[in-house]
Amino acid sequence: MAEFFQTYFVDPIIYNTGYNIVNTVTFALILIAAVFLTYKLLKRMKIAVDRKFFFGILPFIAMGSILRAFEDLLEAKGIIFLQQFTVIDAYGAPRNVLFITPLIYFVIFGIALAALVFAKLSEKKIAKYWKTWFAIGLIIDLLVLTQFRFVSAFAFGAVILLAIFWALLLFGARRMDRKKVLMTNENTFLIFIHMFDASTTFTALQFPQQLGLSYFEQHVVAGFAIDFIGPAAMFLLKIIVVPLVLYFFDKELHKKEDLEKRTFLKTIVVILGMGPGLRNWLRMIMGV
């Protein structure tokens, strides 16, 4: 058992080899359990999962990406941060396990929950909980971002141009879907978030010379598709899978009493797109 854990969970951290089928499935199960328990917790706290909740949680979604990119920067510089949580990988670089999957899930959850409890308890004295919650998350994000560096104008510009292309394409699709069978404002935004994620992966893999760095796809399914088709496979995967998932949510959770469940699940869709996308972009911009 110890050897199994070492091979599939510890070694990928030490050797920075990304994900394998075992830890991918394990982390997916952890995510599913966390989603279920978090939804139950929010109901017990009598917090409505609506657009205000979604607005309030946005900085904490970004925080996962920012902290993960911050770890990439520390690793590139060889800086040890919180030594008790730092391991030295096979290449001699320090890696803080708090900011690496799966522990980063719990770190962000703990920060977000503590901020949410404070915001809820101080609602009558300060402001509506979602405003205070958003402000706390934004302040933390900005404080960490002050430690970042701007190195690659190419990475910044390439992703922006691809994002603009997809924004225009999706805007056109929304205009064509007059009955809003799929392309509602909400769904259009969610699909765009995932196309932004795909744009960052495509840029990282397609232009190694311009970036001056060599990247690889860490996730199992995406890695298989990219090996077979090329970096553009990310666009294909996203444009097929994400709309289908959103259509299923809208079709199966269309009743008024299902609105909060649908909003919560779509929030998870945003996390799965914004999380890796923003981290990839920040990492490329910093040249690490």
# chains A, B, ... in the order shown; residues from 1 in each chain; ligands from 1
$ select_by_dssp --residues "range 33-205 of chain A" --states "helix (DSSP H, G or I)" --output "PyMOL selection string"
chain A and resi 33-44+51-77+83-85+97-99+103-121+129-145+153-176+185-205
$ write_last_selection --atoms "C-alpha atoms" --output "short mmCIF file (atom, residue, chain, number, x, y, z; two decimals), in the first residue's frame"
data_model
loop_
_atom_site.label_atom_id
_atom_site.label_comp_id
_atom_site.auth_asym_id
_atom_site.auth_seq_id
_atom_site.Cartn_x
_atom_site.Cartn_y
_atom_site.Cartn_z
CA ALA A 33 -17.58 14.69 -2.31
CA ALA A 34 -16.48 18.29 -1.62
CA VAL A 35 -19.17 19.65 -3.95
CA PHE A 36 -21.88 17.65 -2.18
CA LEU A 37 -20.73 18.55 1.33
CA THR A 38 -20.22 22.22 0.47
CA TYR A 39 -23.74 22.49 -0.93
CA LYS A 40 -25.15 20.93 2.24
CA LEU A 41 -23.09 23.33 4.37
CA LEU A 42 -24.37 26.36 2.47
CA LYS A 43 -27.95 25.21 3.00
CA ARG A 44 -27.31 24.83 6.73
CA ARG A 51 -25.93 35.32 -8.62
CA LYS A 52 -24.88 37.30 -5.55
CA PHE A 53 -23.22 34.20 -4.15
CA PHE A 54 -21.52 33.61 -7.49
CA PHE A 55 -20.21 37.20 -7.53
CA GLY A 56 -18.91 36.85 -3.97
CA ILE A 57 -17.02 33.64 -4.64
CA LEU A 58 -15.27 34.82 -7.83
CA PRO A 59 -12.09 36.16 -6.09
CA PHE A 60 -11.69 32.83 -4.29
CA ILE A 61 -11.96 30.94 -7.59
CA ALA A 62 -9.19 33.18 -8.91
CA MET A 63 -7.25 32.72 -5.66
CA GLY A 64 -6.63 29.05 -6.36
CA SER A 65 -5.00 29.97 -9.68
CA ILE A 66 -3.04 32.87 -8.20
CA LEU A 67 -1.64 30.81 -5.32
CA ARG A 68 -0.77 27.94 -7.67
CA ALA A 69 1.05 30.37 -10.00
CA PHE A 70 2.74 31.87 -6.95
CA GLU A 71 4.07 28.42 -6.09
CA ASP A 72 5.37 28.08 -9.66
CA LEU A 73 7.23 31.38 -9.24
CA LEU A 74 8.72 30.36 -5.88
CA GLU A 75 9.79 27.03 -7.35
CA ALA A 76 11.45 28.74 -10.34
CA LYS A 77 13.34 31.09 -8.01
CA GLN A 83 9.46 25.23 5.16
CA GLN A 84 7.36 22.71 7.11
CA PHE A 85 5.16 22.23 4.03
CA VAL A 97 2.55 21.00 -1.05
CA LEU A 98 -0.05 23.40 0.37
CA PHE A 99 -0.34 24.99 -3.06
CA LEU A 103 -4.08 20.17 -0.58
CA ILE A 104 -4.70 23.48 -2.35
CA TYR A 105 -8.40 22.51 -2.52
CA PHE A 106 -8.54 22.49 1.27
CA VAL A 107 -6.45 25.65 1.63
CA ILE A 108 -8.75 27.68 -0.62
CA PHE A 109 -11.85 26.12 0.94
CA GLY A 110 -10.63 27.05 4.42
CA ILE A 111 -9.84 30.64 3.44
CA ALA A 112 -13.13 31.07 1.58
CA LEU A 113 -15.18 29.53 4.40
CA ALA A 114 -13.52 31.67 7.09
CA ALA A 115 -14.11 34.79 5.00
CA LEU A 116 -17.71 33.76 4.35
CA VAL A 117 -18.45 33.20 8.04
CA PHE A 118 -16.96 36.60 8.91
CA ALA A 119 -18.90 38.28 6.10
CA LYS A 120 -22.14 36.63 7.21
CA LEU A 121 -21.68 37.47 10.90
CA TYR A 129 -22.34 39.33 3.02
CA TRP A 130 -21.48 38.84 -0.65
CA LYS A 131 -19.96 42.30 -0.92
CA THR A 132 -17.74 41.80 2.12
CA TRP A 133 -16.87 38.29 0.98
CA PHE A 134 -15.87 39.57 -2.47
CA ALA A 135 -13.78 42.39 -0.96
CA ILE A 136 -11.83 40.03 1.33
CA GLY A 137 -11.02 37.69 -1.53
CA LEU A 138 -10.04 40.55 -3.84
CA ILE A 139 -7.67 42.06 -1.25
CA ILE A 140 -5.90 38.72 -0.75
CA ASP A 141 -5.60 38.22 -4.51
CA LEU A 142 -4.12 41.68 -5.05
CA LEU A 143 -1.62 41.23 -2.21
CA VAL A 144 -0.28 38.03 -3.77
CA LEU A 145 -0.28 39.51 -7.29
CA ALA A 153 4.35 40.10 -23.61
CA PHE A 154 3.85 37.34 -26.19
CA ALA A 155 1.98 35.12 -23.70
CA PHE A 156 -0.14 38.05 -22.58
CA GLY A 157 -1.03 39.15 -26.11
CA ALA A 158 -1.53 35.71 -27.66
CA VAL A 159 -4.05 34.60 -25.04
CA ILE A 160 -5.87 37.95 -25.20
CA LEU A 161 -6.20 37.69 -29.00
CA LEU A 162 -7.48 34.10 -28.81
CA ALA A 163 -9.91 35.09 -26.05
CA ILE A 164 -11.24 37.97 -28.17
CA PHE A 165 -11.70 35.59 -31.11
CA TRP A 166 -13.72 33.17 -29.00
CA ALA A 167 -15.70 35.98 -27.37
CA LEU A 168 -16.78 37.24 -30.81
CA LEU A 169 -17.58 33.72 -32.00
CA LEU A 170 -19.66 32.95 -28.92
CA PHE A 171 -21.41 36.32 -29.12
CA GLY A 172 -22.41 35.46 -32.68
CA ALA A 173 -23.65 32.03 -31.58
CA ARG A 174 -25.70 33.66 -28.84
CA ARG A 175 -27.30 36.02 -31.35
CA MET A 176 -28.16 33.10 -33.63
CA ASN A 185 -25.93 34.98 -21.23
CA GLU A 186 -24.93 32.71 -18.34
CA ASN A 187 -23.98 29.75 -20.52
CA THR A 188 -22.15 31.95 -23.02
CA PHE A 189 -19.98 33.28 -20.19
CA LEU A 190 -19.26 29.77 -18.88
CA ILE A 191 -18.30 28.47 -22.32
CA PHE A 192 -16.06 31.51 -22.81
CA ILE A 193 -14.25 30.76 -19.53
CA HIS A 194 -13.43 27.28 -20.80
CA MET A 195 -12.35 28.54 -24.21
CA PHE A 196 -10.03 30.93 -22.36
CA ASP A 197 -8.61 27.90 -20.55
CA ALA A 198 -8.17 26.11 -23.88
CA SER A 199 -6.49 29.23 -25.31
CA THR A 200 -3.86 29.22 -22.56
CA THR A 201 -3.10 25.52 -23.08
CA PHE A 202 -2.93 25.97 -26.85
CA THR A 203 -0.56 28.93 -26.52
CA ALA A 204 1.70 27.09 -24.07
CA LEU A 205 2.00 23.98 -26.25
#
$ residues_around --residues "Tyr15 in chain A" --least-positions-apart "6" --cutoff "12 Å" --atoms "only C-alpha atoms" --output "tab-separated table (two decimals) with C-alpha atoms, in the first residue's frame"
chain	number	residue	atom	x	y	z
A	6	GLN	CA	4.36	6.55	-3.32
A	7	THR	CA	4.07	5.67	-7.02
A	8	TYR	CA	0.74	7.31	-7.82
A	9	PHE	CA	0.58	10.24	-5.39
A	87	VAL	CA	9.50	19.21	-0.27
A	88	ILE	CA	12.49	19.20	-2.59
A	89	ASP	CA	11.65	17.64	-5.95
A	90	ALA	CA	13.90	15.38	-8.01
A	91	TYR	CA	15.39	18.43	-9.75
A	92	GLY	CA	16.37	20.18	-6.54
A	93	ALA	CA	13.57	22.75	-6.61
A	94	PRO	CA	11.38	23.41	-3.54
A	95	ARG	CA	7.67	22.64	-3.89
$ select_by_dssp --residues "range 39-181 of chain A" --states "strand (DSSP E)" --output "list of chain:residue names"
A:Thr86, A:Val87, A:Ile88, A:Pro94, A:Arg95, A:Asn96
$ residues_around --residues "Leu253 in chain A" --least-positions-apart "6" --cutoff "10 Å" --atoms "only C-alpha atoms" --output "number ranges by chain"
A: 247, 259-263
$ write_last_selection --atoms "N, CA and C atoms" --output "compact mmCIF listing (two decimals), in the first residue's frame"
# COMPACT_ATOMS: atom_id res chain seq x y z
N TYR A 247 -26.13 22.14 -21.21
CA TYR A 247 -27.46 21.79 -21.74
C TYR A 247 -28.14 20.77 -20.84
N LEU A 259 -33.23 25.73 -9.04
CA LEU A 259 -32.40 26.85 -9.49
C LEU A 259 -31.08 26.94 -8.72
N GLU A 260 -31.13 26.76 -7.39
CA GLU A 260 -29.91 26.88 -6.60
C GLU A 260 -28.93 25.75 -6.92
N LYS A 261 -29.43 24.54 -7.10
CA LYS A 261 -28.57 23.43 -7.47
C LYS A 261 -27.89 23.70 -8.80
N ARG A 262 -28.65 24.21 -9.75
CA ARG A 262 -28.10 24.49 -11.08
C ARG A 262 -27.03 25.58 -11.01
N THR A 263 -27.30 26.62 -10.24
CA THR A 263 -26.32 27.70 -10.08
C THR A 263 -25.05 27.19 -9.42
$ atom_distance --atom1 "CA of Ile100 in chain A" --atom2 "CA of Ser152 in chain A"
23.9 Å
$ closest_residue --among "A:Val181, A:Ile226, A:Met274, A:Ile47" --to "Lys128 in chain A" --atoms "only C-alpha atoms"
A:Ile47
$ closest_residue --among "A:Leu211, A:Val49, A:Ala233, A:Ala225" --to "Glu257 in chain A" --atoms "only C-alpha atoms"
A:Val49
$ closest_residue --among "A:Val241, A:Val270, A:Gly287, A:Leu246" --to "Ser214 in chain A" --atoms "only C-alpha atoms"
A:Gly287
$ residues_around --residues "Val220 in chain A" --least-positions-apart "4" --cutoff "9 Å" --atoms "only C-alpha atoms" --output "number ranges by chain"
A: 18-21, 24, 224-225
$ write_last_selection --atoms "C-alpha atoms" --output "PDB file, in the first residue's frame"
ATOM      1  CA  GLY A  18       1.599  15.690 -13.642  1.00  0.00           C
ATOM      2  CA  TYR A  19      -1.424  13.444 -13.264  1.00  0.00           C
ATOM      3  CA  ASN A  20      -1.974   9.730 -13.813  1.00  0.00           C
ATOM      4  CA  ILE A  21      -5.188   7.733 -14.051  1.00  0.00           C
ATOM      5  CA  THR A  24      -6.971  11.743 -11.454  1.00  0.00           C
ATOM      6  CA  PHE A 224      -4.228  11.787 -24.775  1.00  0.00           C
ATOM      7  CA  ALA A 225      -6.276  14.021 -27.107  1.00  0.00           C
TER       8      ALA A 225
END
$ atom_distance --atom1 "CA of Gln209 in chain A" --atom2 "CA of Val288 in chain A"
13.7 Å
$ atom_distance --atom1 "CA of Ala232 in chain A" --atom2 "CA of Val245 in chain A"
20.5 Å
$ closest_residue --among "A:Lys125, A:Thr17, A:Lys46, A:Met284" --to "Gly212 in chain A" --atoms "only C-alpha atoms"
A:Met284
